>>> print(open('protein-v4.cif').read())   # mmCIF, C-alpha atoms and all ligand atoms
data_upload
loop_
_atom_site.label_atom_id
_atom_site.label_comp_id
_atom_site.auth_asym_id
_atom_site.auth_seq_id
_atom_site.Cartn_x
_atom_site.Cartn_y
_atom_site.Cartn_z
CA MET A 1 -69.63 -194.88 -203.84
CA THR A 2 -72.17 -193.67 -206.36
CA ARG A 3 -72.00 -190.37 -208.16
CA MET A 4 -75.03 -189.23 -206.16
CA ASP A 5 -73.29 -190.03 -202.86
CA HIS A 6 -70.29 -188.11 -204.05
CA LEU A 7 -72.35 -185.07 -204.98
CA ALA A 8 -74.14 -185.23 -201.62
CA LEU A 9 -70.79 -185.15 -199.80
CA ASP A 10 -69.62 -182.22 -201.93
CA GLU A 11 -72.77 -180.37 -200.93
CA ALA A 12 -72.36 -181.33 -197.26
CA ALA A 13 -68.78 -180.01 -197.30
CA ARG A 14 -69.81 -176.72 -198.91
CA ALA A 15 -72.62 -176.42 -196.35
CA ILE A 16 -70.10 -176.74 -193.49
CA LEU A 17 -68.00 -173.91 -194.90
CA ARG A 18 -71.10 -171.76 -195.27
CA LYS A 19 -72.38 -172.64 -191.80
CA ASN A 20 -69.07 -171.79 -190.16
CA ASP A 21 -68.76 -168.57 -192.19
CA ARG A 22 -69.03 -165.48 -189.98
CA GLY A 23 -68.87 -163.02 -192.89
CA GLY A 24 -65.26 -162.65 -194.00
CA TYR A 25 -63.81 -165.34 -191.79
CA THR A 26 -64.66 -168.94 -190.97
CA LEU A 27 -64.76 -170.68 -187.58
CA PRO A 28 -62.91 -174.02 -187.36
CA THR A 29 -66.14 -175.42 -185.89
CA PHE A 30 -69.06 -173.88 -184.05
CA GLY A 31 -68.85 -174.15 -180.24
CA LEU A 32 -65.38 -175.62 -179.62
CA TYR A 33 -63.47 -172.94 -181.59
CA PRO A 34 -65.52 -169.71 -181.83
CA TYR A 35 -62.84 -167.45 -183.39
CA GLN A 36 -60.69 -167.14 -186.49
CA TRP A 37 -57.64 -169.42 -186.39
CA ASN A 38 -54.68 -168.73 -188.60
CA TRP A 39 -53.87 -171.95 -190.47
CA ASP A 40 -57.49 -173.14 -190.34
CA SER A 41 -58.41 -170.03 -192.33
CA ALA A 42 -55.80 -170.71 -194.97
CA PHE A 43 -57.21 -174.23 -195.47
CA ALA A 44 -60.73 -172.77 -195.51
CA ALA A 45 -59.66 -170.35 -198.25
CA TRP A 46 -58.45 -173.25 -200.38
CA GLY A 47 -61.77 -175.00 -199.77
CA PHE A 48 -63.77 -171.91 -200.74
CA ALA A 49 -61.63 -171.53 -203.86
CA GLN A 50 -63.23 -174.70 -205.22
CA PHE A 51 -66.57 -172.93 -205.59
CA ASP A 52 -66.23 -169.21 -204.72
CA ILE A 53 -62.90 -167.61 -205.57
CA ASP A 54 -63.77 -164.15 -204.20
CA ARG A 55 -64.77 -165.64 -200.85
CA ALA A 56 -61.42 -167.47 -200.79
CA TRP A 57 -59.49 -164.19 -201.15
CA LEU A 58 -61.71 -162.53 -198.55
CA GLU A 59 -60.78 -165.22 -196.00
CA LEU A 60 -57.05 -164.49 -196.42
CA THR A 61 -57.58 -160.74 -196.53
CA THR A 62 -59.54 -160.83 -193.24
CA LEU A 63 -56.84 -162.99 -191.65
CA PHE A 64 -54.19 -160.37 -192.39
CA THR A 65 -56.27 -157.60 -190.78
CA GLY A 66 -54.93 -159.05 -187.52
CA GLN A 67 -51.24 -158.74 -188.43
CA TRP A 68 -49.07 -157.00 -185.83
CA PRO A 69 -46.79 -154.11 -186.87
CA ASN A 70 -43.77 -156.40 -186.31
CA GLY A 71 -45.09 -158.76 -189.02
CA MET A 72 -46.36 -161.47 -186.67
CA LEU A 73 -49.68 -162.97 -187.77
CA PRO A 74 -51.50 -164.23 -184.63
CA HIS A 75 -52.77 -167.75 -184.28
CA ILE A 76 -56.22 -166.57 -183.09
CA LEU A 77 -58.12 -163.39 -183.97
CA PHE A 78 -60.82 -162.62 -181.40
CA HIS A 79 -63.16 -160.73 -183.73
CA ARG A 80 -66.14 -160.96 -181.36
CA PRO A 81 -66.09 -161.92 -177.66
CA ASP A 82 -67.24 -165.47 -176.94
CA PRO A 83 -67.15 -167.08 -173.49
CA GLY A 84 -67.09 -170.57 -175.05
CA TYR A 85 -63.29 -170.70 -175.50
CA PHE A 86 -60.43 -170.56 -173.04
CA PRO A 87 -58.03 -168.75 -173.08
CA GLY A 88 -59.72 -165.66 -174.49
CA PRO A 89 -58.33 -162.14 -175.05
CA ASP A 90 -58.27 -161.26 -171.33
CA VAL A 91 -55.70 -164.01 -170.72
CA TRP A 92 -53.43 -163.07 -173.63
CA GLY A 93 -53.19 -159.40 -172.69
CA THR A 94 -52.07 -158.19 -176.11
CA GLU A 95 -54.29 -155.06 -176.19
CA ASP A 96 -51.70 -152.59 -177.44
CA LYS A 97 -49.91 -155.00 -179.78
CA GLY A 98 -52.07 -155.53 -182.85
CA PRO A 99 -54.94 -153.90 -184.71
CA ILE A 100 -57.59 -156.27 -183.29
CA PRO A 101 -57.70 -158.47 -180.17
CA SER A 102 -55.59 -161.56 -180.74
CA SER A 103 -53.31 -164.18 -179.25
CA GLY A 104 -49.60 -163.37 -179.02
CA ILE A 105 -48.11 -166.30 -180.95
CA SER A 106 -48.32 -167.38 -184.58
CA GLN A 107 -49.18 -170.65 -186.37
CA PRO A 108 -47.88 -172.69 -189.34
CA PRO A 109 -47.46 -170.32 -192.31
CA VAL A 110 -49.42 -172.21 -194.95
CA ALA A 111 -51.10 -169.02 -196.24
CA ALA A 112 -48.62 -168.24 -199.05
CA THR A 113 -48.92 -171.78 -200.40
CA PHE A 114 -52.70 -171.53 -200.64
CA ALA A 115 -52.51 -167.95 -201.94
CA ARG A 116 -50.42 -169.27 -204.82
CA MET A 117 -52.83 -172.14 -205.51
CA ILE A 118 -55.83 -169.82 -205.39
CA TYR A 119 -54.07 -167.30 -207.64
CA ASP A 120 -53.13 -170.02 -210.15
CA LYS A 121 -56.77 -171.12 -210.32
CA ASN A 122 -57.85 -167.70 -211.57
CA PRO A 123 -55.07 -165.10 -212.02
CA ASP A 124 -57.50 -162.40 -213.19
CA ALA A 125 -59.58 -162.61 -210.00
CA GLY A 126 -56.47 -162.88 -207.87
CA ARG A 127 -54.21 -160.10 -209.08
CA GLU A 128 -55.66 -157.31 -206.95
CA PRO A 129 -56.06 -159.16 -203.62
CA LEU A 130 -52.70 -160.83 -204.11
CA ALA A 131 -50.92 -157.52 -204.72
CA ALA A 132 -52.33 -156.24 -201.41
CA LEU A 133 -51.41 -159.41 -199.51
CA PHE A 134 -47.93 -159.91 -200.93
CA PRO A 135 -46.01 -157.42 -198.72
CA LYS A 136 -47.89 -158.71 -195.67
CA LEU A 137 -46.92 -162.30 -196.43
CA VAL A 138 -43.30 -161.21 -196.88
CA ALA A 139 -43.37 -159.34 -193.55
CA TRP A 140 -44.74 -162.43 -191.82
CA HIS A 141 -42.08 -164.72 -193.30
CA ARG A 142 -39.45 -162.12 -192.34
CA TRP A 143 -40.73 -162.23 -188.75
CA PHE A 144 -40.24 -166.03 -188.68
CA MET A 145 -36.74 -165.70 -190.12
CA ARG A 146 -35.84 -163.09 -187.52
CA TRP A 147 -37.49 -164.45 -184.37
CA ARG A 148 -38.07 -168.19 -184.83
CA ASN A 149 -34.94 -169.16 -186.71
CA ALA A 150 -32.10 -171.35 -185.38
CA ASP A 151 -29.71 -171.82 -188.31
CA GLY A 152 -32.59 -172.38 -190.71
CA MET A 153 -34.60 -174.63 -188.37
CA ILE A 154 -37.86 -172.92 -187.42
CA PHE A 155 -38.64 -173.28 -183.75
CA ILE A 156 -41.74 -172.63 -181.70
CA THR A 157 -42.06 -170.90 -178.34
CA HIS A 158 -45.42 -172.45 -177.42
CA PRO A 159 -47.00 -175.81 -178.38
CA TRP A 160 -50.01 -173.92 -179.80
CA GLU A 161 -47.72 -172.08 -182.19
CA GLY A 162 -46.81 -175.31 -183.99
CA GLY A 163 -50.48 -176.30 -184.36
CA ARG A 164 -49.79 -179.79 -182.92
CA ASP A 165 -50.56 -178.93 -179.32
CA ASN A 166 -49.67 -182.11 -177.41
CA ALA A 167 -47.29 -183.81 -179.85
CA PRO A 168 -44.54 -185.90 -178.17
CA ASP A 169 -42.02 -183.60 -179.93
CA TRP A 170 -42.66 -181.09 -177.15
CA ASP A 171 -42.53 -183.49 -174.18
CA SER A 172 -38.99 -182.85 -172.99
CA ALA A 173 -39.42 -179.06 -173.17
CA MET A 174 -42.78 -179.27 -171.41
CA GLN A 175 -41.34 -181.44 -168.63
CA ALA A 176 -38.67 -178.82 -167.95
CA ILE A 177 -41.38 -176.26 -167.06
CA ASP A 178 -42.61 -176.02 -163.47
CA PRO A 179 -45.94 -174.21 -163.94
CA VAL A 180 -45.76 -172.52 -160.57
CA GLY A 181 -48.18 -169.64 -159.94
CA VAL A 182 -50.39 -170.38 -162.90
CA GLY A 183 -53.50 -170.04 -160.71
CA GLU A 184 -57.04 -171.35 -161.12
CA TYR A 185 -58.73 -171.42 -164.51
CA THR A 186 -61.65 -173.18 -166.17
CA ARG A 187 -61.09 -175.05 -169.39
CA ARG A 188 -63.89 -174.83 -171.96
CA ASP A 189 -62.66 -177.41 -174.48
CA THR A 190 -63.62 -180.38 -172.28
CA ALA A 191 -67.17 -179.03 -172.03
CA HIS A 192 -67.48 -179.49 -175.81
CA VAL A 193 -65.60 -182.77 -176.42
CA ASP A 194 -64.47 -185.86 -174.51
CA ALA A 195 -61.52 -185.03 -172.22
CA SER A 196 -59.75 -188.27 -173.22
CA MET A 197 -59.38 -186.84 -176.75
CA ARG A 198 -57.81 -183.58 -175.55
CA PRO A 199 -54.52 -182.48 -173.95
CA THR A 200 -54.17 -183.18 -170.20
CA LYS A 201 -54.35 -180.75 -167.23
CA GLU A 202 -50.54 -180.98 -166.96
CA ASP A 203 -50.35 -179.79 -170.59
CA TYR A 204 -52.81 -176.93 -170.02
CA ASP A 205 -50.99 -175.68 -166.89
CA ARG A 206 -47.86 -175.31 -169.00
CA TYR A 207 -49.73 -173.77 -171.97
CA ILE A 208 -51.09 -171.08 -169.66
CA TRP A 209 -47.79 -170.63 -167.82
CA LEU A 210 -46.06 -169.91 -171.16
CA VAL A 211 -48.75 -167.35 -172.08
CA GLN A 212 -48.35 -165.65 -168.69
CA ARG A 213 -44.57 -165.56 -169.06
CA ALA A 214 -44.69 -163.84 -172.47
CA ARG A 215 -47.46 -161.50 -171.32
CA GLY A 216 -45.29 -160.49 -168.35
CA LEU A 217 -42.57 -159.60 -170.85
CA GLY A 218 -44.99 -157.41 -172.82
CA TRP A 219 -44.87 -159.79 -175.82
CA ASP A 220 -41.55 -158.19 -176.71
CA ASP A 221 -39.87 -160.54 -179.22
CA ALA A 222 -36.35 -160.00 -177.89
CA ALA A 223 -37.38 -160.39 -174.23
CA VAL A 224 -39.47 -163.50 -174.95
CA ALA A 225 -36.51 -165.07 -176.79
CA GLN A 226 -34.17 -164.47 -173.83
CA ASP A 227 -33.84 -167.69 -171.77
CA GLN A 228 -36.91 -169.10 -173.53
CA PRO A 229 -37.71 -172.33 -171.64
CA PHE A 230 -39.77 -173.77 -174.49
CA LYS A 231 -37.71 -173.69 -177.67
CA VAL A 232 -38.19 -176.66 -179.99
CA ALA A 233 -37.28 -176.76 -183.68
CA ASP A 234 -40.25 -178.18 -185.54
CA PRO A 235 -40.24 -180.18 -188.79
CA LEU A 236 -43.78 -179.05 -189.62
CA MET A 237 -42.95 -175.35 -189.23
CA THR A 238 -39.67 -175.68 -191.10
CA PHE A 239 -41.04 -177.66 -194.06
CA VAL A 240 -44.19 -175.52 -194.26
CA LEU A 241 -42.22 -172.26 -194.28
CA LEU A 242 -39.76 -173.68 -196.80
CA ARG A 243 -42.58 -174.56 -199.15
CA ALA A 244 -44.48 -171.32 -198.49
CA ASN A 245 -41.38 -169.32 -199.17
CA ARG A 246 -40.89 -170.96 -202.56
CA ASP A 247 -44.54 -170.26 -203.32
CA LEU A 248 -44.11 -166.64 -202.29
CA ALA A 249 -41.12 -166.33 -204.60
CA ALA A 250 -43.26 -167.65 -207.48
CA LEU A 251 -45.88 -165.06 -206.59
CA ALA A 252 -43.18 -162.37 -206.59
CA ASP A 253 -42.44 -163.36 -210.20
CA ALA A 254 -46.13 -163.18 -211.08
CA LEU A 255 -46.33 -159.66 -209.64
CA GLY A 256 -42.96 -158.49 -210.97
CA GLU A 257 -41.60 -158.08 -207.42
CA ASP A 258 -38.04 -158.72 -206.24
CA ARG A 259 -37.54 -162.27 -204.95
CA SER A 260 -33.91 -162.20 -203.83
CA GLU A 261 -34.63 -161.97 -200.09
CA LEU A 262 -37.10 -164.87 -200.39
CA ASP A 263 -34.52 -166.97 -202.24
CA SER A 264 -31.95 -166.38 -199.52
CA TRP A 265 -34.47 -167.62 -196.90
CA THR A 266 -35.20 -170.70 -199.01
CA ALA A 267 -31.49 -171.55 -199.04
CA GLU A 268 -31.22 -171.05 -195.28
CA LEU A 269 -34.32 -173.17 -194.56
CA THR A 270 -33.12 -175.96 -196.84
CA ALA A 271 -29.96 -176.24 -194.73
CA GLY A 272 -32.02 -176.10 -191.53
CA ALA A 273 -34.40 -178.82 -192.69
CA ALA A 274 -31.46 -181.18 -193.27
CA ALA A 275 -30.41 -180.67 -189.64
CA LEU A 276 -33.82 -181.85 -188.45
CA ARG A 277 -33.04 -185.39 -189.64
CA ASN A 278 -32.13 -187.58 -186.66
CA ASP A 279 -29.63 -190.44 -186.81
CA LYS A 280 -32.41 -192.83 -187.85
CA GLY A 281 -33.07 -190.67 -190.91
CA VAL A 282 -36.37 -189.34 -189.56
CA PHE A 283 -37.32 -185.64 -189.34
CA ASP A 284 -38.47 -184.86 -185.81
CA GLY A 285 -38.59 -182.15 -183.14
CA TYR A 286 -35.27 -180.88 -181.81
CA ASN A 287 -35.17 -179.41 -178.30
CA LEU A 288 -32.78 -176.47 -178.72
CA ASN A 289 -32.24 -176.05 -174.98
CA LEU A 290 -31.14 -179.68 -174.55
CA GLY A 291 -29.61 -180.20 -177.99
CA GLU A 292 -31.68 -183.40 -178.38
CA HIS A 293 -33.93 -184.93 -181.02
CA THR A 294 -37.25 -186.40 -179.87
CA ASN A 295 -36.82 -189.61 -181.87
CA SER A 296 -40.49 -189.66 -182.73
CA VAL A 297 -42.11 -190.47 -186.07
CA SER A 298 -45.06 -188.09 -186.35
CA ASN A 299 -47.20 -187.04 -189.28
CA ALA A 300 -45.01 -183.89 -189.44
CA SER A 301 -42.02 -186.11 -190.26
CA PHE A 302 -43.66 -186.87 -193.63
CA LEU A 303 -43.77 -183.22 -194.68
CA CYS A 304 -40.23 -183.44 -196.08
CA TRP A 305 -41.64 -183.79 -199.61
CA LEU A 306 -43.73 -180.65 -199.17
CA GLY A 307 -40.48 -178.86 -198.38
CA GLY A 308 -38.88 -180.32 -201.50
CA VAL A 309 -36.66 -182.78 -199.62
CA ASP A 310 -36.82 -186.40 -200.79
CA SER A 311 -36.14 -189.26 -198.38
CA PRO A 312 -36.12 -193.02 -199.06
CA GLN A 313 -36.33 -193.64 -195.29
CA MET A 314 -39.50 -191.60 -194.97
CA LEU A 315 -40.98 -193.38 -198.00
CA ALA A 316 -40.27 -196.70 -196.25
CA GLU A 317 -41.90 -195.29 -193.08
CA LEU A 318 -44.94 -194.29 -195.12
CA HIS A 319 -45.31 -197.85 -196.44
CA ARG A 320 -45.03 -199.07 -192.85
CA ALA A 321 -47.82 -196.68 -191.84
CA PHE A 322 -49.98 -198.01 -194.72
CA ASP A 323 -49.40 -201.55 -193.39
CA GLN A 324 -49.96 -200.68 -189.72
CA CYS A 325 -53.20 -198.79 -189.97
CA ALA A 326 -56.19 -198.60 -192.25
CA TYR A 327 -56.39 -194.79 -191.99
CA PRO A 328 -52.91 -193.29 -192.02
CA VAL A 329 -50.98 -191.05 -191.42
CA PRO A 330 -51.13 -191.33 -187.62
CA SER A 331 -49.82 -188.28 -185.75
CA GLN A 332 -47.66 -190.71 -183.82
CA LYS A 333 -46.31 -193.99 -185.15
CA VAL A 334 -48.45 -197.00 -184.24
CA GLY A 335 -46.54 -199.10 -181.71
CA SER A 336 -44.50 -196.22 -180.28
CA ASP A 337 -44.74 -195.79 -176.49
CA TRP A 338 -46.44 -192.44 -177.04
CA PHE A 339 -49.14 -193.75 -179.39
CA ASN A 340 -52.73 -193.10 -178.27
CA ALA A 341 -55.32 -193.60 -181.02
CA LYS A 342 -57.74 -190.96 -179.70
CA ARG A 343 -55.66 -188.31 -177.95
CA TYR A 344 -55.31 -185.39 -180.33
CA TRP A 345 -51.76 -185.08 -181.74
CA ARG A 346 -50.46 -188.29 -180.13
CA GLY A 347 -51.97 -190.79 -182.57
CA PRO A 348 -55.05 -189.59 -184.47
CA THR A 349 -55.00 -188.90 -188.20
CA TRP A 350 -55.54 -185.33 -189.36
CA ALA A 351 -56.86 -184.78 -192.88
CA ILE A 352 -55.11 -181.43 -193.29
CA VAL A 353 -51.69 -182.91 -192.61
CA ASN A 354 -52.51 -185.77 -195.00
CA MET A 355 -53.30 -183.26 -197.73
CA LEU A 356 -49.99 -181.44 -197.19
CA ILE A 357 -48.15 -184.79 -197.28
CA GLY A 358 -50.07 -185.72 -200.44
CA LEU A 359 -49.21 -182.44 -202.18
CA GLY A 360 -45.54 -183.04 -201.39
CA LEU A 361 -45.65 -186.65 -202.64
CA ILE A 362 -47.09 -185.50 -205.97
CA ASP A 363 -44.43 -182.80 -206.32
CA MET A 364 -41.69 -185.37 -205.78
CA GLY A 365 -43.17 -187.87 -208.24
CA HIS A 366 -44.41 -190.42 -205.68
CA HIS A 367 -47.76 -190.72 -207.40
CA ALA A 368 -48.80 -194.18 -206.19
CA GLU A 369 -48.29 -193.24 -202.53
CA ALA A 370 -50.07 -189.91 -203.04
CA GLU A 371 -53.08 -191.71 -204.52
CA GLU A 372 -53.14 -194.33 -201.76
CA LEU A 373 -53.10 -191.63 -199.11
CA ARG A 374 -55.79 -189.61 -200.85
CA ALA A 375 -58.07 -192.63 -201.21
CA ARG A 376 -57.71 -193.67 -197.57
CA THR A 377 -58.31 -190.08 -196.41
CA ALA A 378 -61.43 -189.92 -198.58
CA ALA A 379 -62.66 -193.18 -197.01
CA LEU A 380 -62.54 -191.55 -193.57
CA MET A 381 -64.85 -188.80 -194.75
CA THR A 382 -67.25 -190.96 -196.74
CA GLN A 383 -67.63 -193.31 -193.77
CA HIS A 384 -67.54 -190.86 -190.87
CA GLY A 385 -68.14 -187.32 -192.12
CA PHE A 386 -66.00 -184.24 -191.54
CA ALA A 387 -64.47 -184.66 -188.08
CA GLU A 388 -61.64 -182.67 -186.52
CA TYR A 389 -59.46 -185.84 -186.52
CA TYR A 390 -59.89 -189.62 -186.67
CA ASP A 391 -58.72 -192.79 -184.97
CA PRO A 392 -56.13 -194.18 -187.43
CA LEU A 393 -56.95 -197.82 -186.61
CA THR A 394 -60.76 -197.78 -186.66
CA GLY A 395 -61.50 -194.54 -188.51
CA ASP A 396 -63.75 -193.38 -185.64
CA PRO A 397 -64.34 -189.62 -185.75
CA ALA A 398 -62.90 -187.65 -182.80
CA GLY A 399 -62.79 -184.10 -181.43
CA GLY A 400 -65.17 -181.54 -182.92
CA ASP A 401 -67.51 -182.28 -185.83
CA SER A 402 -68.65 -180.29 -188.91
CA PHE A 403 -65.06 -179.20 -189.15
CA THR A 404 -64.12 -176.51 -191.64
CA TRP A 405 -60.65 -177.67 -192.61
CA THR A 406 -61.71 -181.30 -193.04
CA ALA A 407 -64.56 -180.20 -195.33
CA ALA A 408 -62.08 -178.02 -197.23
CA VAL A 409 -59.72 -180.97 -197.67
CA TRP A 410 -62.58 -183.03 -199.12
CA LEU A 411 -63.43 -180.33 -201.68
CA ALA A 412 -59.87 -179.46 -202.62
CA TRP A 413 -58.04 -182.78 -202.54
CA ALA A 414 -59.65 -185.92 -201.17
CA SER A 415 -62.85 -186.12 -203.25
C1 LIG B 1 -55.24 -174.06 -179.80
C2 LIG B 1 -58.33 -174.79 -184.37
C3 LIG B 1 -57.06 -175.22 -183.68
C4 LIG B 1 -56.00 -175.73 -184.67
C5 LIG B 1 -54.83 -176.40 -183.96
C6 LIG B 1 -55.38 -177.48 -183.04
C7 LIG B 1 -56.35 -176.85 -182.04
C8 LIG B 1 -56.30 -175.04 -180.30
C9 LIG B 1 -56.95 -175.73 -179.13
O1 LIG B 1 -57.41 -176.23 -182.73
O2 LIG B 1 -55.64 -175.96 -181.20
O3 LIG B 1 -54.76 -173.30 -180.87
O4 LIG B 1 -57.55 -175.03 -178.33
O5 LIG B 1 -56.86 -176.95 -178.99
O6 LIG B 1 -54.35 -178.16 -182.40
O7 LIG B 1 -53.94 -176.97 -184.90
O8 LIG B 1 -55.52 -174.66 -185.44
O9 LIG B 1 -58.81 -175.82 -185.20
#
>>> encode(input="protein-v4.cif", output="structure tokens")
Amino acid sequence: MTRMDHLALDEAARAILRKNDRGGYTLPTFGLYPYQWNWDSAFAAWGFAQFDIDRAWLELTTLFTGQWPNGMLPHILFHRPDPGYFPGPDVWGTEDKGPIPSSGISQPPVAATFARMIYDKNPDAGREPLAALFPKLVAWHRWFMRWRNADGMIFITHPWEGGRDNAPDWDSAMQAIDPVGVGEYTRRDTAHVDASMRPTKEDYDRYIWLVQRARGLGWDDAAVAQDQPFKVADPLMTFVLLRANRDLAALADALGEDRSELDSWTAELTAGAAALRNDKGVFDGYNLNLGEHTNSVSNASFLCWLGGVDSPQMLAELHRAFDQCAYPVPSQKVGSDWFNAKRYWRGPTWAIVNMLIGLGLIDMGHHAEAEELRARTAALMTQHGFAEYYDPLTGDPAGGDSFTWTAAVWLAWAS
């Protein structure tokens, strides 16, 4: 690739962030996702930080305007009504819960990690926005530790909360749900992208059933937790919060704030992460209602390094993934019964997860693997642009296009 090609891609990536910018927050992509999503915004902020540090802080600041009084930071903020997405605010029924219309569940807490990276890039520009965000980040982490914590393993109460909607890690919990009474509804996602690349109708019935259940309980944390039918400890959530918590503690030092509560959570999460290792040495989903591991190797399994946990088995799995596909890391191991190269979180490669894996590999000193992963992720973008996700075998783009977080990953890591 020539220097000119490289510069053209940089410009194309910046143009996507600008095009998806709605003034203070960024859409994941126009059409398919017309609102502000939680972890997408944190990746967008890190992308913006490569060329506009103030805009990066604004993205995070806007995200936290949706925080509920109990500390929960919703996975979608419905800033302006848009009929193009289902389920919208009328389905969630959270009117009296937060400051602005939102969903009632959260998403992977990557925000503190990117806040630290953005702050480190320019501490002078960051001091003021960071000081305002710090107590909000702490309150959010405290909410996870109180309401999504099973002995240091972070669990989710809805597949959308984990950000990997149809991952096989949730299959056993989803099968246990009989989505009776869910009623008629019209999906919008399949009007924008090919249905074979999206979750199935059986998945959606259960997604909506879980929303209706929590809505019926008034989104009360204690009531929702009682007899929760979907309760799966998640390696992505656990490793992401572990890492974010360490980053928040470093930010506490920078601001002269007390870090002792954060350090106690880090210790608890470190113990929980160890329990997510199955008897094959792989980190996978753990169905808390059944007391069973999934026995799946997903891209989330490789986030151990991000959480500061080294693993020779996972390094061997990573080499296997490099051998099995040209564009790793697949969201489900190639050759597993679940693997489907095009269906969302059951096979495709996601650049954002690759970047998190890559950051962890660097931290743990696995530089050759980090570089290999970065280079193969960059190849996806140079050959196929900034797609939502990609076929790990052919590199074909899939899902939505002109995708904010993929463009951000190019600017911040892959390029
Ligand atoms: C539901 C926006 C979001 C991502 C998720 C991804 C997908 C939504 C959907 O899109 O989920 O939250 O409707 O499919 O799975 O990780 O945040 O990009």
>>> residues_near_ligand(input="protein-v4.cif", ligand="ligand LIG 1 (chain B)", cutoff="8 Å", atoms="only C-alpha atoms and all ligand atoms", output="ChimeraX atom specification")
/A:28-29,32-33,37-40,75-76,85-86,107,160-166,189,198-199,344-345,388,405
>>> atom_distance(input="protein-v4.cif", atom1="atom CA of Phe64 of chain A", atom2="atom CA of Leu248 of chain A")
15.5 Å
>>> residues_near_point(input="protein-v4.cif", point="(-50.2, -185.4, -202.1)", cutoff="10 Å", atoms="only C-alpha atoms", output="list of chain:residue names")
A:Trp305, A:Leu306, A:Val353, A:Asn354, A:Met355, A:Leu356, A:Ile357, A:Gly358, A:Leu359, A:Gly360, A:Leu361, A:Ile362, A:Asp363, A:Met364, A:Gly365, A:His366, A:His367, A:Ala368, A:Glu369, A:Ala370, A:Glu371, A:Glu372, A:Leu373, A:Arg374, A:Trp413, A:Ala414
>>> residues_around(input="protein-v4.cif", residues="segment 13-27 of chain A", least_positions_apart="2", cutoff="10 Å", atoms="only C-alpha atoms", output="VMD selection string")
chain A and resid 7 to 11 29 to 37 40 to 42 44 to 45 47 to 48 50 to 51 55 to 63 77 79 381 385 to 386 401 to 411
>>> write_last_selection(input="protein-v4.cif", atoms="C-alpha atoms", output="JSON list (two decimals), in the coordinates of the input")
[["chain", "number", "residue", "atom", "x", "y", "z"],
["A", 7, "LEU", "CA", -72.35, -185.07, -204.98],
["A", 8, "ALA", "CA", -74.14, -185.23, -201.62],
["A", 9, "LEU", "CA", -70.79, -185.15, -199.80],
["A", 10, "ASP", "CA", -69.62, -182.22, -201.93],
["A", 11, "GLU", "CA", -72.77, -180.37, -200.93],
["A", 29, "THR", "CA", -66.14, -175.42, -185.89],
["A", 30, "PHE", "CA", -69.06, -173.88, -184.05],
["A", 31, "GLY", "CA", -68.85, -174.15, -180.24],
["A", 32, "LEU", "CA", -65.38, -175.62, -179.62],
["A", 33, "TYR", "CA", -63.47, -172.94, -181.59],
["A", 34, "PRO", "CA", -65.52, -169.71, -181.83],
["A", 35, "TYR", "CA", -62.84, -167.45, -183.39],
["A", 36, "GLN", "CA", -60.69, -167.14, -186.49],
["A", 37, "TRP", "CA", -57.64, -169.42, -186.39],
["A", 40, "ASP", "CA", -57.49, -173.14, -190.34],
["A", 41, "SER", "CA", -58.41, -170.03, -192.33],
["A", 42, "ALA", "CA", -55.80, -170.71, -194.97],
["A", 44, "ALA", "CA", -60.73, -172.77, -195.51],
["A", 45, "ALA", "CA", -59.66, -170.35, -198.25],
["A", 47, "GLY", "CA", -61.77, -175.00, -199.77],
["A", 48, "PHE", "CA", -63.77, -171.91, -200.74],
["A", 50, "GLN", "CA", -63.23, -174.70, -205.22],
["A", 51, "PHE", "CA", -66.57, -172.93, -205.59],
["A", 55, "ARG", "CA", -64.77, -165.64, -200.85],
["A", 56, "ALA", "CA", -61.42, -167.47, -200.79],
["A", 57, "TRP", "CA", -59.49, -164.19, -201.15],
["A", 58, "LEU", "CA", -61.71, -162.53, -198.55],
["A", 59, "GLU", "CA", -60.78, -165.22, -196.00],
["A", 60, "LEU", "CA", -57.05, -164.49, -196.42],
["A", 61, "THR", "CA", -57.58, -160.74, -196.53],
["A", 62, "THR", "CA", -59.54, -160.83, -193.24],
["A", 63, "LEU", "CA", -56.84, -162.99, -191.65],
["A", 77, "LEU", "CA", -58.12, -163.39, -183.97],
["A", 79, "HIS", "CA", -63.16, -160.73, -183.73],
["A", 381, "MET", "CA", -64.85, -188.80, -194.75],
["A", 385, "GLY", "CA", -68.14, -187.32, -192.12],
["A", 386, "PHE", "CA", -66.00, -184.24, -191.54],
["A", 401, "ASP", "CA", -67.51, -182.28, -185.83],
["A", 402, "SER", "CA", -68.65, -180.29, -188.91],
["A", 403, "PHE", "CA", -65.06, -179.20, -189.15],
["A", 404, "THR", "CA", -64.12, -176.51, -191.64],
["A", 405, "TRP", "CA", -60.65, -177.67, -192.61],
["A", 406, "THR", "CA", -61.71, -181.30, -193.04],
["A", 407, "ALA", "CA", -64.56, -180.20, -195.33],
["A", 408, "ALA", "CA", -62.08, -178.02, -197.23],
["A", 409, "VAL", "CA", -59.72, -180.97, -197.67],
["A", 410, "TRP", "CA", -62.58, -183.03, -199.12],
["A", 411, "LEU", "CA", -63.43, -180.33, -201.68]]
>>> residues_near_point(input="protein-v4.cif", point="(-36.1, -190.5, -200.0)", cutoff="12 Å", atoms="all atoms listed in the file", output="MDAnalysis selection string")
chainID A and resid 277 281:283 302:305 308:318 361 364:366
>>> residues_around(input="protein-v4.cif", residues="Thr270 of chain A", least_positions_apart="4", cutoff="9 Å", atoms="all atoms listed in the file", output="PyMOL selection string")
chain A and resi 152-153+238-239+242+265-266+274+307-309
>>> residues_around(input="protein-v4.cif", residues="Gln226 of chain A", least_positions_apart="4", cutoff="12 Å", atoms="only C-alpha atoms", output="ChimeraX atom specification")
/A:147,157,213-214,217,219-222,230-231,289
